[in-house]
Each structure stands twice: as structure tokens, then as C-alpha cells.
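Trainee: Here it is, the structure, as C-alpha cells.
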Amino acid sequence: MKLLDCTLRDGGNVVGKGYNIEYTVMMIKGLIRANIKTIEMGNCVGIGAWKSQGDAAPATDIEYLEAVQPYVDQAEIGMFCGWKNGTEENIALAAKYGLNFLRIGANAGDGALAIDAIKRVKAAGLVCRYSMMKAYVLTADEAAEEAAMVAEAGLDEITIMDSAGTMTPDQVKEYTEKMVAKVKIPVAFHGHNNLGLSVANALAAYESGAQVFDCGMLGMARSAGNCATELAAAAFQRRGLLQDVDLNALLEFEDTTLIPAMEKYNYHVAVKPLDLVLGLSGAHSSFTNTFKEVAAEKEVSLYKLILETSLIDRKNPSRELMEEVAARI
């Protein structure tokens with residue numbers, strides 16, 4: 001299983017049609033440092049959209065592709081591609097610049113329209129992912145049947161997209177189970193947080209056989225946002241999963257770099273890194289000031305101190321215990 005971080009694609013909706021080159025490079029570096037290495041980036045509407053639809057991002061497709069060249073060998077970097085833009089020209093451009101994947105997107109019920117684009121992506125030697133957008137407009141059985149049909153075109157992965165954040169865990173379970181039973185390729189899940197259920201839905205998708213989980217740092221994405229990368233990582237790590245993700249590195253990047261960078265856009269972080277760590281560790285917020293004082297005095301990571309101390313005592317950790325833990329870390 002793995003996370004597919006969409007911050008640099010769907011997350012760009014919080015600033016327009018995409019992030020500028022400076023932010024793009026900054027976020028890719030932060031994700032790679034945290035060992036999150038499947039990354040979707042570029043124009044929010046996908047490769048070719050700036051030309052065919054007039055959806056102008058702060059950079060052209062070529063400028064985005066040139067900017068990520070130092071990182072294409074360090075991560076699986078790809079772009080979204082609406083089925084109408086799955087032209088030989090756009091796909092050849094992605095291949096020329098060494099992208100790992102293109103993710104062809106079509107609304108549920110329109111899968112037949114995407115077949116040619118899928119075949120072109122595979123013919124170009126790229127990994128082809130597929131987004132069944134607004135999956136909920138079909139029944140779970142209908143979505144599974146369509147998934148089987150598009151998979152036959154050579155897909156490497158198919159994503160159930162809860163584009164409006166309207167699905168509940170029981171629905172996600174049904175859709176995922178039925179799709180997993182119908183296809184032989186990995187099934188992914190992309191949730192939005194309009195009902196506040198994005199993390200619960202990701203967990204339900206995992207329990208039902210999904211292997212890849214879309215997310216966005218700080219929850220950044222269109223509308224109410226995606227499942228936050230850090231929340232997904234923490235929730236899965238609570239279950240002993242995704243241990244390869246360096247959550248501390250991710251939270252440090254968000255605290256020191258990403259959150260300050262997003263202040264110019266007045267972006268509100270729903271769950272701040274510190275609150276996430278309290279939830280992950282089971283530490284009550286009433287002990288926060290003491291944790292902060294000890295971390296500062298002993299010059300250790302606040303988050304590591306909270307996590308390590310809470311493994312010993314989550315009920316009533318003393319300052320003495322915190323200092324003993326700090327001495328060890």
C-alpha cells in the first residue's frame with residue numbers, strides 16, 4: 001500500500017489552477033524527504049488543459065516538466081490527464097520529460113471515451129492510472145463493471161474518486177469490495193472531506209482491499225479538500241501500516257516551510273501538526289505546555305518527546321518522566 005500525494009495537482013485549486021514553480025519544487029523536496037514518493041503535479045486540470053481549455057496555471061506544462069527534472073529519478077512523478085487531452089502530443093511530452101505516469105480521468109459512466117487515451121499512454125511506455133471521477137453517480141455494481149472494461153485497455157491502477165466528498169464509509173466499502181473483485185489491478189481511493197469523513201473513508205477503502213490512497217498535505221484541494229496526507233499517514237501508522245513514511249519529517253516540513261508559505265493565501269489548516277501528534281500519541285492537550293518547556297530546555301523534538309513519553313504514560317505524564325525521555329532521545 002502507499003499514498004499518492006495530490007497536493008501539487010488537486011491542492012493547487014486553493015491558489016488557482018496550480019502552484020508556481022517555486023512552490024512546486026519546495027513541496028516535491030518536502031515529500032521526498034518524508035519518503036512519500038508517488039506524486040501528482042502540474043496544472044490542476046491536467047496536462048494539455050492550458051492549451052485546449054484555457055485553464056491557465058502559473059506555469060506551462062513544459063515549465064512544470066522542466067522544473068521536476070532533478071527529481072524524476074527519486075520519485076514516481078506524474079500528471080493528471082483528462083481523457084480529451086490524452087492526445088499523442090501531450091502523452092509524448094510527458095514521456096519525453098521522463099514522467100513515471102499519467103492518470104487519465106473521466107466521469108463515471110464515460111469510461112469508453114477514455115480507452116484510446118489509455119492505450120496511447122501505455123504505448124508511450126508510461127504507467128497509466130485511471131480516475132473514475134464522481135464514482136458515486138453509478139451504483140457499486142455499475143462502477144465495478146465499468147472498471148473491468150477500462151482495465152482491459154491496459155490500465156495499471158484505477159481510482160474510485162469521491163469527487164464531491166459525499167460518500168460514507170459503508171458506501172466506500174461496497175464500491176471498493178466490488179471493484180477489487182472485478183479487476184486484477186490495484187484499486188485506489190480518492191476522497192474529499194465535505195462530510196468530514198475522508199480519513200474514515202480511506203480506512204474503509206483499505207479494509208476493503210484498496211492499495212493506494214490519494215491525499216494532499218494540510219488537506220489542500222478543491223472544495224473542502226482531500227484527505228490530509230499527514231492525517232492519512234498517522235491513521236495508517238496507528239494500525240502499524242505505512243511505517244516507511246517519515247511522519248516526523250513531514251510534520252517538520254509543514255511546520256517550518258509549508259504552513260508559513262501558505263499564509264500569503266490565508267489558507268486555514270484544519271488539523272495542525274501538533275494536534276495531530278496529540279491524537280496519534282493519545283496525549284491530552286492539557287500537558288502541552290509542559291511538553292513544550294521540556295523540549296525547549298533539552299533541545300529535542302517536541303513531537304518525538306510527546307510520542308515517546310506517551311508510550312510510557314498517557315494518563316498523567318510527569319515532568320520528571322518527560323525529562324527522562326528527553327535525555328534518551
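We name chains A, B, ... following the order of the C-alpha cells; residues begin at 1 in each chain, and ligands are numbered from 1 as shown.
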Do a neighbour search on Val277 (chain A) at 8 Å with only C-alpha atoms, toss out local chain neighbours closer than 6 positions, and write the hits as a PDB file with N, CA, C and O atoms, in the first residue's frame.
Mentor:
ATOM      1  N   TYR A 303       7.644  16.738  19.031  1.00  0.00           N
ATOM      2  CA  TYR A 303       6.772  15.645  18.619  1.00  0.00           C
ATOM      3  C   TYR A 303       7.312  14.291  19.063  1.00  0.00           C
ATOM      4  O   TYR A 303       6.557  13.429  19.518  1.00  0.00           O
ATOM      5  N   ILE A 306       6.626  13.926  22.800  1.00  0.00           N
ATOM      6  CA  ILE A 306       5.235  13.578  23.097  1.00  0.00           C
ATOM      7  C   ILE A 306       4.970  12.111  22.786  1.00  0.00           C
ATOM      8  O   ILE A 306       4.382  11.378  23.594  1.00  0.00           O
ATOM      9  N   LEU A 307       5.432  11.666  21.637  1.00  0.00           N
ATOM     10  CA  LEU A 307       5.174  10.285  21.222  1.00  0.00           C
ATOM     11  C   LEU A 307       5.854   9.276  22.140  1.00  0.00           C
ATOM     12  O   LEU A 307       5.244   8.282  22.568  1.00  0.00           O
TER      13      LEU A 307
END
Trainee: Set the distance at 8 Å and use only C-alpha atoms: which residues neighbour Pro273 (chain A) once local chain neighbours fewer than 4 positions away are removed? I'd like the list as an mmCIF file with N, CA and C atoms, in the first residue's frame.
Mentor:
data_model
loop_
_atom_site.group_PDB
_atom_site.id
_atom_site.type_symbol
_atom_site.label_atom_id
_atom_site.label_comp_id
_atom_site.auth_asym_id
_atom_site.auth_seq_id
_atom_site.Cartn_x
_atom_site.Cartn_y
_atom_site.Cartn_z
ATOM 1 N N GLU A 230 -0.851 14.035 6.044
ATOM 2 C CA GLU A 230 -0.332 13.753 7.377
ATOM 3 C C GLU A 230 -1.351 12.978 8.220
ATOM 4 N N LEU A 251 5.846 16.410 9.155
ATOM 5 C CA LEU A 251 5.290 17.437 10.034
ATOM 6 C C LEU A 251 6.266 18.598 10.219
ATOM 7 N N GLU A 254 5.979 20.731 7.169
ATOM 8 C CA GLU A 254 4.753 21.524 7.178
ATOM 9 C C GLU A 254 4.851 22.682 8.169
ATOM 10 N N ASP A 255 5.387 22.403 9.357
ATOM 11 C CA ASP A 255 5.501 23.447 10.384
ATOM 12 C C ASP A 255 6.440 24.571 9.952
ATOM 13 N N VAL A 277 -0.301 15.114 16.399
ATOM 14 C CA VAL A 277 0.589 14.313 17.246
ATOM 15 C C VAL A 277 -0.085 13.965 18.566
#
Trainee: Which residues are close to region 136-148 of chain A, i.e. within 6 Å by only C-alpha atoms, leaving aside same-chain residues fewer than 6 positions away? Reply as a PyMOL selection string.
Mentor: chain A and resi 175+178-179+182-183
Trainee: Quick one: everything within 8 Å of Lys122 (chain A), counting only C-alpha atoms, minus sequence neighbours fewer than 6 positions away in the same chain. Send it as JSON, numbers by chain.
Mentor: {"A": [128, 154, 155]}
Trainee: With only C-alpha atoms counted and 12 Å as the cut-off, give the residues of region 140-220 of chain A in contact with region 24-43 of chain A, each with its shortest interatomic distance in Å and the pair that gives it, as CSV.
Mentor:
residue,atom,partner,partner_atom,distance
A:Val212,CA,A:Thr38,CA,9.8
A:Phe213,CA,A:Thr38,CA,10.4
A:Asp214,CA,A:Glu40,CA,9.5
A:Cys215,CA,A:Ile39,CA,9.8
A:Gly216,CA,A:Ile39,CA,9.9
A:Met217,CA,A:Leu31,CA,9.1
A:Leu218,CA,A:Met27,CA,11.8
Trainee: Grab the CA of Ala164 (chain A) to CA of Thr229 (chain A) distance for me, in Å with one decimal place.
Mentor: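 Computed distance, CA of Ala164 (chain A) to CA of Thr229 (chain A), equals 18.3 Å.
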Trainee: Extract, using only C-alpha atoms, all DNA, RNA and protein residues at most 6 Å from region 82-93 of chain A, discarding same-chain residues fewer than 3 positions from it, and format them as a PyMOL selection string.
Mentor: chain A and resi 48+96+104-105+114+117
